[in-house]
Amino acid sequence: MNSSGCRRESCPQARGSLAWSPRRRAAWRSLGAALLAQPGLAAGDHEALLSAVLSQVLKYPVPPMEGKSSLEPLEEETKMNAEPERKFGVVVVGVGRAGSVRMRDLRNPHASSAFLNLIGFVSRRELKCIDEVQQISLEDALSSQEVEVAYICSESTSHEDYIRQFLNAGKHILVEYPMTLSRAAAQDLWDLAEQKGKVLHEEHVELLMEEFAFLKKEVMGKELLKGTLLFTAGPLEEERFGFPAFSGISRLTWLVSLFGELSVVSATLEERKEDQYMKMTVCLETENKRPLTWIEEKGPGLKRNRHVIFHFKSGSLENMPNVGVNKNIFLKDQNIFVQKLLGQVSEKELIAEKKRILHCLWLAEEIQKYCC
């Protein structure tokens with residue numbers, strides 16, 4: 001029994017306190033000692049004691065313990081609130097947009113960044129250093145005992161080779177999507193990661209966007225009749241980022257995450273290479289035989305945008321409202337990666353995530369076969 005009159009193992013307050021960091025427990029002990037030592041606090045003056053405690057309590061809130069999947073984005077004070085016993089040395093491979101954001105997040109004080117130590121970056125360009133972070137060679141990154149984690153942020157066509165090299169060197173991997181340009185290659189790399197006992201994490205920041213959270217809420221519990229997802233953007237080089245079904249695989253990920261596994265009915269690709277224009281139209285089908293159309297259109301002057309039309313038995317969703325700015329989505333993805341490094345993600349969740357990623361890669365392959 002504790003002071004609140006319940007057994008420690010069954011008391012919600014006690015369960016929450018077990019998740020606190022040593023620093024937080026020490027702070028509470030110091031606070032309690034200081035309060036009890038106050039000269040003006042008479043024995044049995046419970047109101048004064050309670051008032052003093054409440055004036056401080058918000059500085060040290062109990063971390064939430066239940067009600068969230070461990071693959072959901074973490075708040076600063078959940079999951080990783082313990083002082084890190086060690087830091088994983090990280091190298092960032094590729095310093096374009098994604099790589100630059102990753103380096104920024106690694107250098108700034110965040111909950112997950114406390115478990116990571118940015119060693120350097122790898123680039124084909126001769127840059128020497130970026131914001132005091134040193135450039136290192138690929139060979140040094142692979143052989144260094146200090147480097148334990150590789151962030152692969154290069155062009156999609158190079159992902160598979162980099163992942164294989166770093167896994168064989170005994171490093172954990174965070175890779176921007178798509179991890180490979182075939183389902184078989186992805187399965188092979190996951191098998192290699194398991195053999196080496198290393199984490200292989202494919203980033204999917206599109207699932208951490210406010211737009212997706214809105215759609216997930218709107219779709220939940222509704223019976224789909226038909227739907228369309230149109231994505232527009234500027235030109236993208238297929239030689240660097242792969243066939244459009246792979247470079248646009250985040251749209252497939254949205255549809256699969258919202259409506260379950262899909263099958264390809266047909267797909268066409270219209271291209272005008274001299275104008276840097278392409279339009280891919282894919283007809284998909286849910287397991288309940290409901291039609292979904294995915295259109296990917298890219299060319300000069302086209303703004304990056306998503307348009308959705310979903311018809312349900314109970315009504316329709318015909319536009320995407322402004323649901324707010326997507327803040328720190330790469331950092332939220334890093335939080336999930338660190339959870340995996342710390343063994344805080346269940347086997348069930350890892351299996352489900354892997355199944356979804358492999359299914360989307362299979363769909364992309366099928367689409368490419370229809371178009372070529």
# chains A, B, ... in the order shown; residues from 1 in each chain; ligands from 1

call {"tool": "residues_around", "arguments": {"residues": "Ser247 (chain A)", "least_positions_apart": "5", "cutoff": "9 Å", "atoms": "only C-alpha atoms", "output": "ChimeraX atom specification"}}
result
/A:156,177-178,236,238,241-242

call {"tool": "residues_around", "arguments": {"residues": "Glu132 (chain A)", "least_positions_apart": "4", "cutoff": "12 Å", "atoms": "only C-alpha atoms", "output": "PyMOL selection string"}}
result
chain A and resi 103-104+107+118-121+127-128

call {"tool": "write_last_selection", "arguments": {"atoms": "N, CA and C atoms", "output": "PDB file, in the first residue's frame"}}
result
ATOM      1  N   MET A 103      20.429  16.709 -40.542  1.00  0.00           N
ATOM      2  CA  MET A 103      21.583  17.245 -39.819  1.00  0.00           C
ATOM      3  C   MET A 103      21.146  18.327 -38.837  1.00  0.00           C
ATOM      4  N   ARG A 104      20.204  19.160 -39.246  1.00  0.00           N
ATOM      5  CA  ARG A 104      19.702  20.205 -38.341  1.00  0.00           C
ATOM      6  C   ARG A 104      19.068  19.584 -37.096  1.00  0.00           C
ATOM      7  N   ARG A 107      21.539  18.118 -34.618  1.00  0.00           N
ATOM      8  CA  ARG A 107      22.357  19.090 -33.890  1.00  0.00           C
ATOM      9  C   ARG A 107      21.553  19.882 -32.868  1.00  0.00           C
ATOM     10  N   LEU A 118      26.005  13.280 -33.964  1.00  0.00           N
ATOM     11  CA  LEU A 118      26.357  13.478 -35.374  1.00  0.00           C
ATOM     12  C   LEU A 118      27.871  13.504 -35.532  1.00  0.00           C
ATOM     13  N   ILE A 119      28.399  12.506 -36.225  1.00  0.00           N
ATOM     14  CA  ILE A 119      29.850  12.375 -36.433  1.00  0.00           C
ATOM     15  C   ILE A 119      30.305  13.158 -37.657  1.00  0.00           C
ATOM     16  N   GLY A 120      29.521  13.086 -38.736  1.00  0.00           N
ATOM     17  CA  GLY A 120      29.906  13.748 -39.975  1.00  0.00           C
ATOM     18  C   GLY A 120      28.919  13.427 -41.072  1.00  0.00           C
ATOM     19  N   PHE A 121      29.243  13.843 -42.297  1.00  0.00           N
ATOM     20  CA  PHE A 121      28.382  13.570 -43.442  1.00  0.00           C
ATOM     21  C   PHE A 121      29.212  13.072 -44.609  1.00  0.00           C
ATOM     22  N   LEU A 127      32.706  19.323 -50.069  1.00  0.00           N
ATOM     23  CA  LEU A 127      32.133  20.398 -49.265  1.00  0.00           C
ATOM     24  C   LEU A 127      32.953  20.703 -48.011  1.00  0.00           C
ATOM     25  N   LYS A 128      33.776  19.753 -47.580  1.00  0.00           N
ATOM     26  CA  LYS A 128      34.666  19.869 -46.409  1.00  0.00           C
ATOM     27  C   LYS A 128      33.906  19.949 -45.091  1.00  0.00           C
TER      28      LYS A 128
END

call {"tool": "residues_around", "arguments": {"residues": "region 180-193 of chain A", "least_positions_apart": "2", "cutoff": "6 Å", "atoms": "only C-alpha atoms", "output": "list of chain:residue names"}}
result
A:Glu160, A:Pro178, A:Gln195, A:Lys196, A:Gly197, A:Lys198, A:Leu358, A:Leu361, A:Trp362

call {"tool": "write_last_selection", "arguments": {"atoms": "N, CA, C and O atoms", "output": "CSV table (one decimal), in the first residue's frame"}}
result
chain,number,residue,atom,x,y,z
A,160,GLU,N,19.6,1.3,-52.3
A,160,GLU,CA,19.9,-0.1,-52.1
A,160,GLU,C,21.3,-0.4,-51.8
A,160,GLU,O,21.7,-1.2,-50.9
A,178,PRO,N,11.8,5.7,-51.3
A,178,PRO,CA,11.7,4.3,-51.1
A,178,PRO,C,13.0,3.7,-50.8
A,178,PRO,O,14.0,4.1,-51.4
A,195,GLN,N,19.8,-10.6,-40.0
A,195,GLN,CA,21.0,-11.5,-39.8
A,195,GLN,C,22.1,-10.7,-39.0
A,195,GLN,O,22.8,-11.3,-38.2
A,196,LYS,N,22.2,-9.4,-39.3
A,196,LYS,CA,23.2,-8.6,-38.6
A,196,LYS,C,22.8,-8.1,-37.3
A,196,LYS,O,23.6,-7.5,-36.5
A,197,GLY,N,21.5,-8.2,-36.9
A,197,GLY,CA,20.9,-7.7,-35.7
A,197,GLY,C,20.8,-6.2,-35.7
A,197,GLY,O,21.1,-5.6,-34.6
A,198,LYS,N,20.5,-5.6,-36.8
A,198,LYS,CA,20.5,-4.1,-36.9
A,198,LYS,C,19.1,-3.6,-37.3
A,198,LYS,O,18.3,-4.3,-37.9
A,358,LEU,N,6.3,-3.5,-47.9
A,358,LEU,CA,6.5,-4.4,-49.0
A,358,LEU,C,5.4,-4.5,-50.0
A,358,LEU,O,5.5,-4.6,-51.2
A,361,LEU,N,5.6,-1.5,-52.3
A,361,LEU,CA,6.7,-1.7,-53.3
A,361,LEU,C,6.2,-2.7,-54.4
A,361,LEU,O,6.5,-2.5,-55.6
A,362,TRP,N,5.4,-3.7,-54.0
A,362,TRP,CA,4.9,-4.6,-54.9
A,362,TRP,C,3.9,-3.9,-55.9
A,362,TRP,O,3.9,-4.1,-57.1

call {"tool": "closest_residue", "arguments": {"among": "A:Glu347, A:Gly170, A:Trp254, A:Ile367", "to": "Thr268 (chain A)", "atoms": "only C-alpha atoms"}}
result
A:Ile367

call {"tool": "closest_residue", "arguments": {"among": "A:Leu341, A:Leu224, A:Leu269, A:Val175", "to": "Asn288 (chain A)", "atoms": "only C-alpha atoms"}}
result
A:Leu224

call {"tool": "atom_distance", "arguments": {"atom1": "CA of Leu302 (chain A)", "atom2": "CA of Val256 (chain A)"}}
result
25.5 Å

call {"tool": "atom_distance", "arguments": {"atom1": "CA of Glu261 (chain A)", "atom2": "CA of Lys226 (chain A)"}}
result
14.9 Å

call {"tool": "residues_around", "arguments": {"residues": "Ser316 (chain A)", "least_positions_apart": "4", "cutoff": "12 Å", "atoms": "only C-alpha atoms", "output": "VMD selection string"}}
result
chain A and resid 218 to 219 222 to 228 308 to 312 320

call {"tool": "write_last_selection", "arguments": {"atoms": "N, CA, C and O atoms", "output": "short mmCIF file (atom, residue, chain, number, x, y, z; two decimals), in the first residue's frame"}}
result
data_model
loop_
_atom_site.label_atom_id
_atom_site.label_comp_id
_atom_site.auth_asym_id
_atom_site.auth_seq_id
_atom_site.Cartn_x
_atom_site.Cartn_y
_atom_site.Cartn_z
N GLU A 218 -11.37 11.28 -41.00
CA GLU A 218 -12.55 11.38 -41.86
C GLU A 218 -12.99 10.02 -42.40
O GLU A 218 -14.18 9.76 -42.56
N VAL A 219 -12.03 9.16 -42.69
CA VAL A 219 -12.31 7.87 -43.32
C VAL A 219 -12.77 6.83 -42.31
O VAL A 219 -13.52 5.91 -42.65
N LYS A 222 -16.15 4.57 -42.16
CA LYS A 222 -17.00 4.84 -43.32
C LYS A 222 -16.78 3.80 -44.41
O LYS A 222 -15.68 3.29 -44.58
N GLU A 223 -17.85 3.51 -45.15
CA GLU A 223 -17.78 2.54 -46.24
C GLU A 223 -17.49 3.27 -47.55
O GLU A 223 -18.29 4.07 -48.03
N LEU A 224 -16.33 3.00 -48.14
CA LEU A 224 -15.92 3.65 -49.39
C LEU A 224 -16.72 3.13 -50.58
O LEU A 224 -16.96 1.93 -50.71
N LEU A 225 -17.13 4.06 -51.44
CA LEU A 225 -17.74 3.68 -52.71
C LEU A 225 -16.73 3.82 -53.84
O LEU A 225 -16.56 2.92 -54.65
N LYS A 226 -16.05 4.96 -53.88
CA LYS A 226 -14.98 5.18 -54.86
C LYS A 226 -14.18 6.40 -54.43
O LYS A 226 -14.62 7.20 -53.60
N GLY A 227 -12.98 6.55 -55.02
CA GLY A 227 -12.16 7.68 -54.64
C GLY A 227 -11.07 8.00 -55.63
O GLY A 227 -10.71 7.16 -56.47
N THR A 228 -10.56 9.22 -55.54
CA THR A 228 -9.47 9.67 -56.41
C THR A 228 -8.47 10.49 -55.60
O THR A 228 -8.86 11.31 -54.77
N VAL A 308 -8.06 15.36 -53.20
CA VAL A 308 -8.74 14.10 -52.94
C VAL A 308 -10.23 14.25 -53.15
O VAL A 308 -10.82 15.30 -52.87
N ILE A 309 -10.83 13.19 -53.67
CA ILE A 309 -12.29 13.07 -53.75
C ILE A 309 -12.62 11.65 -53.31
O ILE A 309 -12.30 10.68 -54.02
N PHE A 310 -13.25 11.51 -52.16
CA PHE A 310 -13.64 10.20 -51.66
C PHE A 310 -15.16 10.20 -51.47
O PHE A 310 -15.72 11.05 -50.77
N HIS A 311 -15.82 9.24 -52.09
CA HIS A 311 -17.26 9.07 -51.95
C HIS A 311 -17.54 7.89 -51.03
O HIS A 311 -17.06 6.77 -51.28
N PHE A 312 -18.31 8.14 -49.99
CA PHE A 312 -18.67 7.10 -49.03
C PHE A 312 -20.17 6.86 -49.09
O PHE A 312 -20.92 7.67 -49.64
N MET A 320 -9.49 19.02 -49.71
CA MET A 320 -8.61 18.92 -48.55
C MET A 320 -8.53 20.29 -47.88
O MET A 320 -7.96 21.22 -48.44
#

call {"tool": "residues_around", "arguments": {"residues": "Glu203 (chain A)", "least_positions_apart": "3", "cutoff": "10 Å", "atoms": "only C-alpha atoms", "output": "count of residues only"}}
result
15

call {"tool": "closest_residue", "arguments": {"among": "A:Leu142, A:Val101, A:Arg240, A:Leu215", "to": "Leu317 (chain A)", "atoms": "only C-alpha atoms"}}
result
A:Leu215

call {"tool": "atom_distance", "arguments": {"atom1": "CA of Thr293 (chain A)", "atom2": "CA of Thr281 (chain A)"}}
result
7.2 Å

call {"tool": "select_by_dssp", "arguments": {"residues": "region 212-331 of chain A", "states": "strand (DSSP E or B)", "output": "ChimeraX atom specification"}}
result
/A:224-233,262-272,277-286,291-298,305-312,315-317

call {"tool": "residues_around", "arguments": {"residues": "Tyr370 (chain A)", "least_positions_apart": "3", "cutoff": "12 Å", "atoms": "only C-alpha atoms", "output": "PyMOL selection string"}}
result
chain A and resi 245+264-269+280-283+363-367

call {"tool": "decode", "arguments": {"residues": "region 242-257 of chain A", "atoms": "all heavy atoms", "output": "compact mmCIF listing (two decimals), in the first residue's frame"}}
result
# COMPACT_ATOMS: atom_id res chain seq x y z
N GLY A 242 13.84 7.17 -59.78
CA GLY A 242 13.09 5.97 -60.13
C GLY A 242 11.80 6.25 -60.87
O GLY A 242 11.38 7.40 -61.04
N PHE A 243 11.16 5.17 -61.32
CA PHE A 243 9.88 5.25 -62.03
C PHE A 243 8.86 5.98 -61.15
O PHE A 243 8.91 5.86 -59.92
CB PHE A 243 9.40 3.83 -62.36
CG PHE A 243 8.16 3.79 -63.19
CD1 PHE A 243 8.22 4.05 -64.55
CD2 PHE A 243 6.93 3.50 -62.61
CE1 PHE A 243 7.06 4.02 -65.32
CE2 PHE A 243 5.78 3.47 -63.37
CZ PHE A 243 5.84 3.74 -64.73
N PRO A 244 7.92 6.73 -61.75
CA PRO A 244 6.98 7.54 -60.96
C PRO A 244 6.21 6.80 -59.88
O PRO A 244 5.87 7.39 -58.84
CB PRO A 244 6.03 8.10 -62.02
CG PRO A 244 6.85 8.17 -63.26
CD PRO A 244 7.78 6.99 -63.20
N ALA A 245 5.94 5.52 -60.08
CA ALA A 245 5.23 4.77 -59.05
C ALA A 245 6.09 4.59 -57.80
O ALA A 245 5.57 4.42 -56.69
CB ALA A 245 4.81 3.40 -59.59
N PHE A 246 7.42 4.63 -57.96
CA PHE A 246 8.33 4.52 -56.82
C PHE A 246 8.62 5.90 -56.21
O PHE A 246 8.59 6.06 -54.99
CB PHE A 246 9.63 3.85 -57.23
CG PHE A 246 9.50 2.38 -57.47
CD1 PHE A 246 9.34 1.89 -58.76
CD2 PHE A 246 9.51 1.48 -56.42
CE1 PHE A 246 9.20 0.53 -59.00
CE2 PHE A 246 9.37 0.13 -56.63
CZ PHE A 246 9.21 -0.35 -57.93
N SER A 247 8.89 6.90 -57.06
CA SER A 247 9.15 8.24 -56.52
C SER A 247 7.90 8.81 -55.86
O SER A 247 7.99 9.66 -54.96
CB SER A 247 9.64 9.18 -57.63
OG SER A 247 8.68 9.30 -58.67
N GLY A 248 6.73 8.33 -56.27
CA GLY A 248 5.47 8.79 -55.68
C GLY A 248 4.86 7.79 -54.72
O GLY A 248 3.65 7.83 -54.47
N ILE A 249 5.67 6.91 -54.17
CA ILE A 249 5.14 5.81 -53.37
C ILE A 249 4.46 6.29 -52.08
O ILE A 249 3.66 5.57 -51.49
CB ILE A 249 6.25 4.79 -53.04
CG1 ILE A 249 5.65 3.41 -52.76
CG2 ILE A 249 7.14 5.28 -51.89
CD1 ILE A 249 6.67 2.28 -52.79
N SER A 250 4.73 7.52 -51.67
CA SER A 250 4.05 8.03 -50.48
C SER A 250 2.55 8.17 -50.72
O SER A 250 1.76 8.05 -49.77
CB SER A 250 4.64 9.38 -50.05
OG SER A 250 4.45 10.36 -51.04
N ARG A 251 2.14 8.41 -51.96
CA ARG A 251 0.70 8.46 -52.26
C ARG A 251 0.09 7.05 -52.14
O ARG A 251 -1.00 6.88 -51.59
CB ARG A 251 0.45 9.02 -53.65
CG ARG A 251 0.19 10.50 -53.69
CD ARG A 251 1.40 11.34 -53.34
NE ARG A 251 2.39 11.38 -54.40
CZ ARG A 251 3.61 11.89 -54.29
NH1 ARG A 251 4.01 12.39 -53.12
NH2 ARG A 251 4.45 11.90 -55.29
N LEU A 252 0.79 6.05 -52.61
CA LEU A 252 0.33 4.67 -52.41
C LEU A 252 0.23 4.34 -50.92
O LEU A 252 -0.71 3.68 -50.48
CB LEU A 252 1.30 3.69 -53.08
CG LEU A 252 1.13 3.41 -54.58
CD1 LEU A 252 2.21 2.45 -55.05
CD2 LEU A 252 -0.25 2.84 -54.87
N THR A 253 1.20 4.82 -50.16
CA THR A 253 1.21 4.57 -48.72
C THR A 253 -0.01 5.18 -48.05
O THR A 253 -0.63 4.57 -47.18
CB THR A 253 2.50 5.12 -48.08
OG1 THR A 253 3.63 4.55 -48.73
CG2 THR A 253 2.56 4.79 -46.60
N TRP A 254 -0.38 6.38 -48.47
CA TRP A 254 -1.62 7.00 -47.97
C TRP A 254 -2.82 6.10 -48.24
O TRP A 254 -3.60 5.80 -47.34
CB TRP A 254 -1.83 8.35 -48.66
CG TRP A 254 -1.34 9.53 -47.89
CD1 TRP A 254 -0.39 9.54 -46.92
CD2 TRP A 254 -1.81 10.88 -48.02
NE1 TRP A 254 -0.20 10.82 -46.46
CE2 TRP A 254 -1.05 11.66 -47.10
CE3 TRP A 254 -2.74 11.50 -48.82
CZ2 TRP A 254 -1.24 13.04 -46.97
CZ3 TRP A 254 -2.93 12.88 -48.69
CH2 TRP A 254 -2.18 13.64 -47.78
N LEU A 255 -2.97 5.68 -49.49
CA LEU A 255 -4.16 4.91 -49.88
C LEU A 255 -4.21 3.57 -49.17
O LEU A 255 -5.28 3.14 -48.71
CB LEU A 255 -4.18 4.72 -51.40
CG LEU A 255 -4.38 6.01 -52.22
CD1 LEU A 255 -4.25 5.72 -53.71
CD2 LEU A 255 -5.73 6.66 -51.91
N VAL A 256 -3.08 2.90 -49.07
CA VAL A 256 -3.04 1.60 -48.38
C VAL A 256 -3.31 1.77 -46.89
O VAL A 256 -4.03 0.98 -46.27
CB VAL A 256 -1.68 0.90 -48.63
CG1 VAL A 256 -1.52 -0.31 -47.71
CG2 VAL A 256 -1.57 0.47 -50.09
N SER A 257 -2.76 2.82 -46.30
CA SER A 257 -2.97 3.06 -44.87
C SER A 257 -4.42 3.43 -44.57
O SER A 257 -4.93 3.12 -43.49
CB SER A 257 -2.04 4.18 -44.39
OG SER A 257 -0.69 3.81 -44.55
